[in-house]
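A.B. asks: Contents are PDB, C-alpha atoms; file name model_23.pdb:
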```
ATOM      1  CA  MET N   1      79.043  82.391 107.727
ATOM      2  CA  ALA N   2      80.011  79.479 109.948
ATOM      3  CA  THR N   3      83.292  79.812 111.837
ATOM      4  CA  LEU N   4      84.670  76.426 112.876
ATOM      5  CA  PHE N   5      87.722  76.946 115.086
ATOM      6  CA  TYR N   6      89.440  73.850 116.460
ATOM      7  CA  GLU N   7      92.309  75.968 117.821
ATOM      8  CA  PRO N   8      92.254  79.168 119.911
ATOM      9  CA  SER N   9      91.940  82.499 118.120
ATOM     10  CA  THR N  10      91.250  86.120 118.970
ATOM     11  CA  ARG N  11      92.075  88.257 115.928
ATOM     12  CA  THR N  12      91.247  85.855 113.105
ATOM     13  CA  ARG N  13      87.910  84.658 114.462
ATOM     14  CA  LEU N  14      86.685  88.043 115.703
ATOM     15  CA  SER N  15      87.788  89.898 112.563
ATOM     16  CA  PHE N  16      86.012  87.375 110.328
ATOM     17  CA  GLU N  17      82.880  87.623 112.449
ATOM     18  CA  ALA N  18      83.042  91.429 112.563
ATOM     19  CA  ALA N  19      83.630  91.484 108.811
ATOM     20  CA  MET N  20      80.563  89.351 108.112
ATOM     21  CA  ARG N  21      78.351  91.406 110.404
ATOM     22  CA  ARG N  22      79.569  94.703 108.926
ATOM     23  CA  LEU N  23      78.612  93.341 105.515
ATOM     24  CA  GLY N  24      75.091  92.666 106.805
ATOM     25  CA  GLY N  25      75.473  88.904 107.195
ATOM     26  CA  GLU N  26      74.908  86.542 110.100
ATOM     27  CA  VAL N  27      77.373  84.337 111.954
ATOM     28  CA  LEU N  28      77.232  80.818 113.366
ATOM     29  CA  THR N  29      80.256  80.195 115.527
ATOM     30  CA  THR N  30      82.045  77.637 117.622
ATOM     31  CA  GLU N  31      85.221  78.915 119.247
ATOM     32  CA  ASN N  32      86.482  75.582 120.552
ATOM     33  CA  ALA N  33      85.188  72.973 118.126
ATOM     34  CA  ARG N  34      87.780  70.456 119.272
ATOM     35  CA  GLU N  35      86.035  70.167 122.662
ATOM     36  CA  PHE N  36      82.586  71.700 122.217
ATOM     37  CA  SER N  37      81.366  70.084 119.026
ATOM     38  CA  SER N  38      80.729  66.512 117.951
ATOM     39  CA  ALA N  39      84.440  66.235 117.181
ATOM     40  CA  ALA N  40      84.775  65.449 120.881
ATOM     41  CA  LYS N  41      82.575  62.412 120.227
ATOM     42  CA  GLY N  42      84.738  61.260 117.342
ATOM     43  CA  GLU N  43      82.955  62.861 114.391
ATOM     44  CA  THR N  44      85.210  63.267 111.367
ATOM     45  CA  LEU N  45      86.000  66.667 109.906
ATOM     46  CA  GLU N  46      84.352  65.627 106.656
ATOM     47  CA  ASP N  47      81.057  64.777 108.392
ATOM     48  CA  THR N  48      81.129  68.048 110.305
ATOM     49  CA  ILE N  49      81.642  70.006 107.080
ATOM     50  CA  ARG N  50      78.804  68.157 105.327
ATOM     51  CA  THR N  51      76.517  69.044 108.220
ATOM     52  CA  VAL N  52      77.530  72.672 108.700
ATOM     53  CA  GLU N  53      77.293  73.535 104.995
ATOM     54  CA  GLY N  54      73.568  72.867 105.305
ATOM     55  CA  TYR N  55      73.288  75.787 107.732
ATOM     56  CA  SER N  56      75.578  78.328 106.078
ATOM     57  CA  ASP N  57      76.746  79.951 102.837
ATOM     58  CA  ILE N  58      80.470  79.989 103.612
ATOM     59  CA  ILE N  59      82.729  78.267 106.169
ATOM     60  CA  VAL N  60      85.818  79.691 107.854
ATOM     61  CA  LEU N  61      87.925  76.875 109.274
ATOM     62  CA  ARG N  62      90.849  76.789 111.689
ATOM     63  CA  HIS N  63      92.210  73.339 112.458
ATOM     64  CA  PHE N  64      95.146  71.826 114.296
ATOM     65  CA  GLU N  65      96.131  69.525 111.411
ATOM     66  CA  SER N  66      98.090  70.705 108.397
ATOM     67  CA  GLY N  67      96.029  70.072 105.267
ATOM     68  CA  ALA N  68      92.666  70.129 107.054
ATOM     69  CA  ALA N  69      91.424  73.103 105.028
ATOM     70  CA  ARG N  70      92.076  71.240 101.796
ATOM     71  CA  ARG N  71      90.161  68.219 103.106
ATOM     72  CA  ALA N  72      87.254  70.462 104.052
ATOM     73  CA  ALA N  73      87.295  72.220 100.684
ATOM     74  CA  ASP N  74      87.300  68.900  98.854
ATOM     75  CA  THR N  75      84.230  67.855 100.863
ATOM     76  CA  ALA N  76      82.157  71.035 100.823
ATOM     77  CA  ASN N  77      79.793  72.396  98.193
ATOM     78  CA  ILE N  78      80.173  75.958  99.502
ATOM     79  CA  PRO N  79      83.297  78.144  99.859
ATOM     80  CA  VAL N  80      85.765  77.188 102.602
ATOM     81  CA  ILE N  81      88.355  79.698 103.803
ATOM     82  CA  ASN N  82      91.505  78.462 105.526
ATOM     83  CA  ALA N  83      91.907  80.415 108.783
ATOM     84  CA  GLY N  84      95.030  78.448 109.720
ATOM     85  CA  ASP N  85      95.770  74.724 109.519
ATOM     86  CA  GLY N  86      98.192  73.652 112.243
ATOM     87  CA  PRO N  87     101.784  74.454 111.282
ATOM     88  CA  GLY N  88     100.802  74.555 107.603
ATOM     89  CA  GLN N  89      99.466  77.810 106.157
ATOM     90  CA  HIS N  90      97.536  80.940 107.132
ATOM     91  CA  PRO N  91      96.716  82.540 103.768
ATOM     92  CA  THR N  92      94.365  85.323 104.885
ATOM     93  CA  GLN N  93      97.017  86.465 107.370
ATOM     94  CA  ALA N  94      99.472  86.676 104.477
ATOM     95  CA  LEU N  95      96.984  88.809 102.538
ATOM     96  CA  LEU N  96      96.586  91.251 105.412
ATOM     97  CA  ASP N  97     100.359  91.253 105.920
ATOM     98  CA  VAL N  98     101.156  92.301 102.357
ATOM     99  CA  TYR N  99      98.335  94.857 102.544
ATOM    100  CA  THR N 100      99.913  96.247 105.722
ATOM    101  CA  ILE N 101     103.380  96.391 104.148
ATOM    102  CA  LYS N 102     101.959  98.232 101.130
ATOM    103  CA  ARG N 103     100.180 100.770 103.343
ATOM    104  CA  GLU N 104     103.120 101.269 105.691
ATOM    105  CA  ILE N 105     106.093 101.198 103.298
ATOM    106  CA  GLY N 106     104.375 102.283 100.098
ATOM    107  CA  THR N 107     105.647  99.419  97.968
ATOM    108  CA  LEU N 108     106.075  95.661  97.913
ATOM    109  CA  ASP N 109     108.654  95.356  95.153
ATOM    110  CA  GLY N 110     112.259  95.617  96.267
ATOM    111  CA  ILE N 111     111.727  95.272 100.009
ATOM    112  CA  LYS N 112     113.996  93.515 102.471
ATOM    113  CA  LEU N 113     112.021  91.402 104.930
ATOM    114  CA  GLY N 114     113.303  89.864 108.156
ATOM    115  CA  LEU N 115     111.309  86.869 109.404
ATOM    116  CA  VAL N 116     112.137  86.231 113.042
ATOM    117  CA  GLY N 117     111.252  83.616 115.657
ATOM    118  CA  ASP N 118     109.483  80.298 115.175
ATOM    119  CA  LEU N 119     109.871  79.787 111.443
ATOM    120  CA  ALA N 120     109.338  76.023 111.527
ATOM    121  CA  ASN N 121     105.928  76.056 113.193
ATOM    122  CA  GLY N 122     104.718  79.561 112.357
ATOM    123  CA  ARG N 123     102.153  79.240 109.598
ATOM    124  CA  THR N 124     102.049  83.034 109.216
ATOM    125  CA  VAL N 125     105.682  83.326 108.122
ATOM    126  CA  ARG N 126     105.332  80.342 105.793
ATOM    127  CA  SER N 127     102.370  81.935 104.024
ATOM    128  CA  LEU N 128     104.004  85.367 103.947
ATOM    129  CA  ALA N 129     107.202  83.977 102.432
ATOM    130  CA  TYR N 130     105.138  82.225  99.781
ATOM    131  CA  LEU N 131     103.102  85.330  98.973
ATOM    132  CA  ILE N 132     105.859  87.937  99.023
ATOM    133  CA  ALA N 133     107.752  85.835  96.466
ATOM    134  CA  LYS N 134     105.182  87.000  93.892
ATOM    135  CA  TYR N 135     106.818  90.439  93.919
ATOM    136  CA  GLN N 136     110.049  91.704  92.358
ATOM    137  CA  ASN N 137     113.549  92.010  93.852
ATOM    138  CA  ILE N 138     112.622  90.689  97.281
ATOM    139  CA  LYS N 139     115.224  89.640  99.833
ATOM    140  CA  ILE N 140     114.240  87.620 102.896
ATOM    141  CA  TYR N 141     116.319  87.118 106.025
ATOM    142  CA  PHE N 142     115.509  84.148 108.268
ATOM    143  CA  VAL N 143     116.445  84.718 111.925
ATOM    144  CA  SER N 144     115.534  81.888 114.281
ATOM    145  CA  PRO N 145     116.850  79.463 116.885
ATOM    146  CA  ASP N 146     118.289  76.291 115.366
ATOM    147  CA  VAL N 147     115.372  74.103 116.488
ATOM    148  CA  VAL N 148     112.775  76.202 114.630
ATOM    149  CA  LYS N 149     114.472  77.143 111.367
ATOM    150  CA  MET N 150     112.445  77.678 108.206
ATOM    151  CA  LYS N 151     111.642  74.356 106.543
ATOM    152  CA  ASP N 152     113.117  73.319 103.249
ATOM    153  CA  ASP N 153     109.830  73.373 101.319
ATOM    154  CA  ILE N 154     109.633  77.164 101.621
ATOM    155  CA  LYS N 155     113.340  77.586 100.849
ATOM    156  CA  ASP N 156     112.963  75.390  97.776
ATOM    157  CA  TYR N 157     109.961  77.417  96.648
ATOM    158  CA  LEU N 158     111.868  80.684  97.032
ATOM    159  CA  ASN N 159     114.759  79.218  95.054
ATOM    160  CA  SER N 160     112.382  78.180  92.292
ATOM    161  CA  LYS N 161     111.108  81.761  92.060
ATOM    162  CA  GLY N 162     114.566  83.314  92.142
ATOM    163  CA  VAL N 163     113.981  85.006  95.495
ATOM    164  CA  GLU N 164     117.158  85.807  97.418
ATOM    165  CA  TRP N 165     117.181  84.582 101.010
ATOM    166  CA  GLU N 166     119.725  84.324 103.785
ATOM    167  CA  GLU N 167     119.843  82.737 107.226
ATOM    168  CA  SER N 168     121.364  84.811 110.019
ATOM    169  CA  SER N 169     121.864  84.583 113.758
ATOM    170  CA  ASP N 170     122.360  88.338 114.219
ATOM    171  CA  LEU N 171     119.027  90.131 114.662
ATOM    172  CA  LEU N 172     120.606  93.568 115.065
ATOM    173  CA  GLU N 173     122.525  93.285 111.819
ATOM    174  CA  VAL N 174     119.442  92.100 109.961
ATOM    175  CA  ALA N 175     117.262  94.828 111.481
ATOM    176  CA  SER N 176     119.672  97.504 110.259
ATOM    177  CA  LYS N 177     119.116  96.343 106.658
ATOM    178  CA  CYS N 178     115.387  95.663 106.596
ATOM    179  CA  ASP N 179     112.237  97.501 105.602
ATOM    180  CA  VAL N 180     110.128  95.083 107.640
ATOM    181  CA  ILE N 181     110.938  93.039 110.735
ATOM    182  CA  TYR N 182     108.265  90.376 111.155
ATOM    183  CA  GLN N 183     108.573  88.918 114.638
ATOM    184  CA  THR N 184     106.757  85.776 115.815
ATOM    185  CA  ARG N 185     106.384  83.969 119.121
ATOM    186  CA  ILE N 186     107.912  80.582 119.813
ATOM    187  CA  GLN N 187     104.896  78.276 119.702
ATOM    188  CA  LYS N 188     104.921  76.175 122.853
ATOM    189  CA  GLU N 189     101.884  74.174 121.708
ATOM    190  CA  ARG N 190     103.864  72.695 118.788
ATOM    191  CA  PHE N 191     106.617  71.192 120.967
ATOM    192  CA  GLY N 192     104.538  68.506 122.665
ATOM    193  CA  GLU N 193     106.497  67.009 125.548
ATOM    194  CA  ARG N 194     109.826  68.527 124.423
ATOM    195  CA  ILE N 195     109.583  71.509 126.753
ATOM    196  CA  ASP N 196     113.373  71.558 126.918
ATOM    197  CA  LEU N 197     113.518  72.505 123.238
ATOM    198  CA  TYR N 198     110.892  75.187 123.750
ATOM    199  CA  GLU N 199     112.796  76.735 126.639
ATOM    200  CA  ALA N 200     116.001  76.654 124.590
ATOM    201  CA  ALA N 201     114.320  78.575 121.772
ATOM    202  CA  ARG N 202     112.245  81.063 123.730
ATOM    203  CA  GLY N 203     113.759  84.462 124.412
ATOM    204  CA  LYS N 204     116.673  84.114 122.006
ATOM    205  CA  TYR N 205     115.526  86.902 119.695
ATOM    206  CA  ILE N 206     113.679  89.863 121.196
ATOM    207  CA  VAL N 207     112.652  93.100 119.505
ATOM    208  CA  ASP N 208     113.450  95.845 121.992
ATOM    209  CA  LYS N 209     114.993  99.320 122.136
ATOM    210  CA  LYS N 210     118.299  97.970 120.833
ATOM    211  CA  VAL N 211     116.549  96.826 117.674
ATOM    212  CA  LEU N 212     114.735 100.160 117.364
ATOM    213  CA  ASP N 213     118.065 101.975 117.558
ATOM    214  CA  VAL N 214     119.385 100.251 114.409
ATOM    215  CA  LEU N 215     116.099  99.914 112.515
ATOM    216  CA  PRO N 216     115.792 102.353 109.585
ATOM    217  CA  LYS N 217     113.408 105.253 110.189
ATOM    218  CA  HIS N 218     111.068 104.201 107.381
ATOM    219  CA  ALA N 219     110.918 100.553 108.464
ATOM    220  CA  VAL N 220     108.147  98.842 110.434
ATOM    221  CA  ILE N 221     107.861  96.081 113.000
ATOM    222  CA  MET N 222     105.090  93.560 112.436
ATOM    223  CA  HIS N 223     103.819  90.642 114.492
ATOM    224  CA  PRO N 224     100.794  88.394 113.839
ATOM    225  CA  LEU N 225     100.068  88.342 117.592
ATOM    226  CA  PRO N 226      99.620  87.164 120.262
ATOM    227  CA  ARG N 227     102.999  88.102 121.672
ATOM    228  CA  LEU N 228     104.667  86.928 124.831
ATOM    229  CA  ASP N 229     108.009  88.593 125.529
ATOM    230  CA  GLU N 230     109.478  88.624 122.014
ATOM    231  CA  VAL N 231     108.447  92.265 121.481
ATOM    232  CA  THR N 232     108.877  94.408 124.585
ATOM    233  CA  VAL N 233     106.114  96.844 125.545
ATOM    234  CA  GLU N 234     108.518  99.786 125.224
ATOM    235  CA  VAL N 235     108.363  99.242 121.464
ATOM    236  CA  ASP N 236     104.598  99.880 121.341
ATOM    237  CA  SER N 237     104.893 103.671 121.459
ATOM    238  CA  ASP N 238     107.327 103.830 118.546
ATOM    239  CA  PRO N 239     105.551 104.828 115.295
ATOM    240  CA  ARG N 240     107.343 101.987 113.522
ATOM    241  CA  ALA N 241     105.424  99.456 115.642
ATOM    242  CA  ALA N 242     102.743  98.432 113.151
ATOM    243  CA  TYR N 243     101.350  95.254 114.716
ATOM    244  CA  PHE N 244      98.095  96.682 116.071
ATOM    245  CA  ARG N 245      97.465  98.503 112.785
ATOM    246  CA  GLN N 246      98.274  95.186 111.117
ATOM    247  CA  ALA N 247      95.627  93.418 113.213
ATOM    248  CA  LYS N 248      93.010  96.040 112.290
ATOM    249  CA  ASN N 249      93.795  95.593 108.606
ATOM    250  CA  GLY N 250      92.606  92.015 108.938
ATOM    251  CA  LEU N 251      89.042  93.316 109.151
ATOM    252  CA  TYR N 252      89.261  95.065 105.774
ATOM    253  CA  ILE N 253      90.941  92.153 104.026
ATOM    254  CA  ARG N 254      88.373  89.697 105.343
ATOM    255  CA  MET N 255      85.444  91.968 104.472
ATOM    256  CA  ALA N 256      86.756  92.189 100.917
ATOM    257  CA  LEU N 257      87.351  88.444 100.681
ATOM    258  CA  LEU N 258      83.905  87.524 102.018
ATOM    259  CA  LYS N 259      82.144  89.982  99.748
ATOM    260  CA  LEU N 260      84.168  88.862  96.755
ATOM    261  CA  LEU N 261      83.281  85.209  97.348
ATOM    262  CA  LEU N 262      79.629  85.718  98.203
ATOM    263  CA  VAL N 263      78.427  88.574  95.986
ATOM    264  CA  GLY N 264      81.299  89.587  93.708
ATOM    265  CA  ASN N 265      83.138  92.934  93.690
ATOM    266  CA  LYS N 266      80.203  95.315  93.236
ATOM    267  CA  SER N 267      79.574  98.115  95.735
ATOM    268  CA  LEU N 268      82.810  97.704  97.675
ATOM    269  CA  ASP N 269      83.563 100.633  99.979
ATOM    270  CA  PRO N 270      86.985 102.387  99.839
ATOM    271  CA  CYS N 271      88.580 100.232 102.549
ATOM    272  CA  GLU N 272      87.366  97.072 100.854
ATOM    273  CA  ASN N 273      88.571  98.305  97.473
ATOM    274  CA  ALA N 274      92.012  99.003  98.933
ATOM    275  CA  ALA N 275      92.063  95.558 100.493
ATOM    276  CA  LEU N 276      91.248  94.004  97.126
ATOM    277  CA  PHE N 277      94.662  95.239  95.959
ATOM    278  CA  CYS N 278      96.105  92.155  97.569
ATOM    279  CA  MET N 279      93.735  89.780  95.811
ATOM    280  CA  ALA N 280      93.428  91.435  92.426
ATOM    281  CA  ASN N 281      97.167  91.801  91.881
ATOM    282  CA  VAL N 282      98.487  88.626  93.477
ATOM    283  CA  HIS N 283      98.111  85.170  91.960
ATOM    284  CA  VAL N 284      97.987  83.086  95.121
ATOM    285  CA  GLN N 285      96.100  79.965  96.117
ATOM    286  CA  ILE N 286      93.959  81.043  99.066
ATOM    287  CA  LEU N 287      92.627  77.531  99.705
ATOM    288  CA  VAL N 288      89.104  78.651  98.959
ATOM    289  CA  HIS N 289      86.834  76.124  97.288
ATOM    290  CA  VAL N 290      84.037  77.614  95.225
ATOM    291  CA  THR N 291      81.508  75.442  93.438
TER
END
```
Spell out the structure here as structure tokens.

C.D. replies:
Amino acid sequence: MATLFYEPSTRTRLSFEAAMRRLGGEVLTTENAREFSSAAKGETLEDTIRTVEGYSDIIVLRHFESGAARRAADTANIPVINAGDGPGQHPTQALLDVYTIKREIGTLDGIKLGLVGDLANGRTVRSLAYLIAKYQNIKIYFVSPDVVKMKDDIKDYLNSKGVEWEESSDLLEVASKCDVIYQTRIQKERFGERIDLYEAARGKYIVDKKVLDVLPKHAVIMHPLPRLDEVTVEVDSDPRAAYFRQAKNGLYIRMALLKLLLVGNKSLDPCENAALFCMANVHVQILVHVT
């Protein structure tokens, strides 16, 4: 497996690499391909993919441009997995998110989900909104500063699927109604030179003890990580704080996905079989190209 990461990553890159090694495979990796590969010399993504596929059986790509994974998949003759493409999509994160919700809540149908924070630039919430719409009787609350509201393409998609959604400015009210609060950081790297807009958005919605006090006992708090100050450390000790369990689940999902793509679904262990729940029962485009 070749991991080509043009943007920083801790959980996604390491969990993919750990997954491949636990399956008995080998890993070729570049953790900063934007600076420490021939991309720094002006090589196109397409030429890089054509080269790297000669050394590997599968490519995991993170890129700073939306749509880069599709370009890579259209070029490659081996599978390409989208590990995040700029502010576009993060499909394997969505798979581990629905897996986490299923494990924590016990169901996916009928849940109320609060998406909080940077909804315009957060590829994780975009992919999760897309994926959770495959289930029945879902309601989604969007809670975000005005400058980073959820974009219309996701709202239009939800409308087309008959998914109920609502925008709110009151995090406490939303938290009191939800099964899942999915918090995200405000992404400074997406604001460019408009630091004033970033500062206006940061810190507006914080998950803290006040949120815990109104959150239902069965509910969970999720976060794709990394966090800054949008989830206070006092929340970590609450059993409803699921974000580190969520991060661990990424290993199982990615083991299952790699094994499914490379050797099929034979001889999966129990964790991998459980992870396959998300892929066997959800019709979702993962942006994987298989020849």

A.B. asks: Smallest atom-to-atom distance to N:Glu65: which of N:Glu7, N:Val116, N:Asn77, N:Ile105, using only C-alpha atoms?

C.D. replies: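 Comparing N:Glu7, N:Val116, N:Asn77, N:Ile105 against N:Glu65, the winner is N:Glu7.
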
A.B. asks: To one decimal place, how far is atom CA of N:Thr12 from atom CA of N:His63 in Å?

C.D. replies: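 Between atom CA of N:Thr12 and atom CA of N:His63 the gap works out to 12.6 Å.
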
A.B. asks: Taking into account all atoms listed in the file, which residue in the set N:Tyr252, N:Tyr55, N:Tyr205, N:Tyr6 is nearest to N:Asp229?

C.D. replies: N:Tyr205

A.B. asks: Determine the residue set returned by the PyMOL selection byres ((chain N and resi 186) around 12) for the present structure, and present it as a PyMOL selection string.

C.D. replies: chain N and resi 116-123+144-145+147-149+183-185+187-191+195+197-206+225-231

A.B. asks: Taking all atoms listed in the file into account, which of N:Lys259, N:Lys102, N:Arg71, N:Arg11 comes nearest N:Ala247?

C.D. replies: N:Arg11

A.B. asks: Tell me which protein, DNA and RNA residues are within 12 Å of N:Gly54, counting only C-alpha atoms, leaving out same-chain ones fewer than 5 positions away, and put them as a list of chain:residue names.

C.D. replies: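 With the cut-off at 12 Å, the set is N:Met1, N:Ala2, N:Leu28, N:Asp47, N:Thr48, N:Ile49, N:Ile59, N:Ala76, N:Asn77, N:Ile78.
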
A.B. asks: Closest to N:Arg70 among N:Asn82, N:Arg240, N:Asp208, N:Ile221, using only C-alpha atoms?

C.D. replies: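 For N:Arg70, the nearest of the candidates is N:Asn82.
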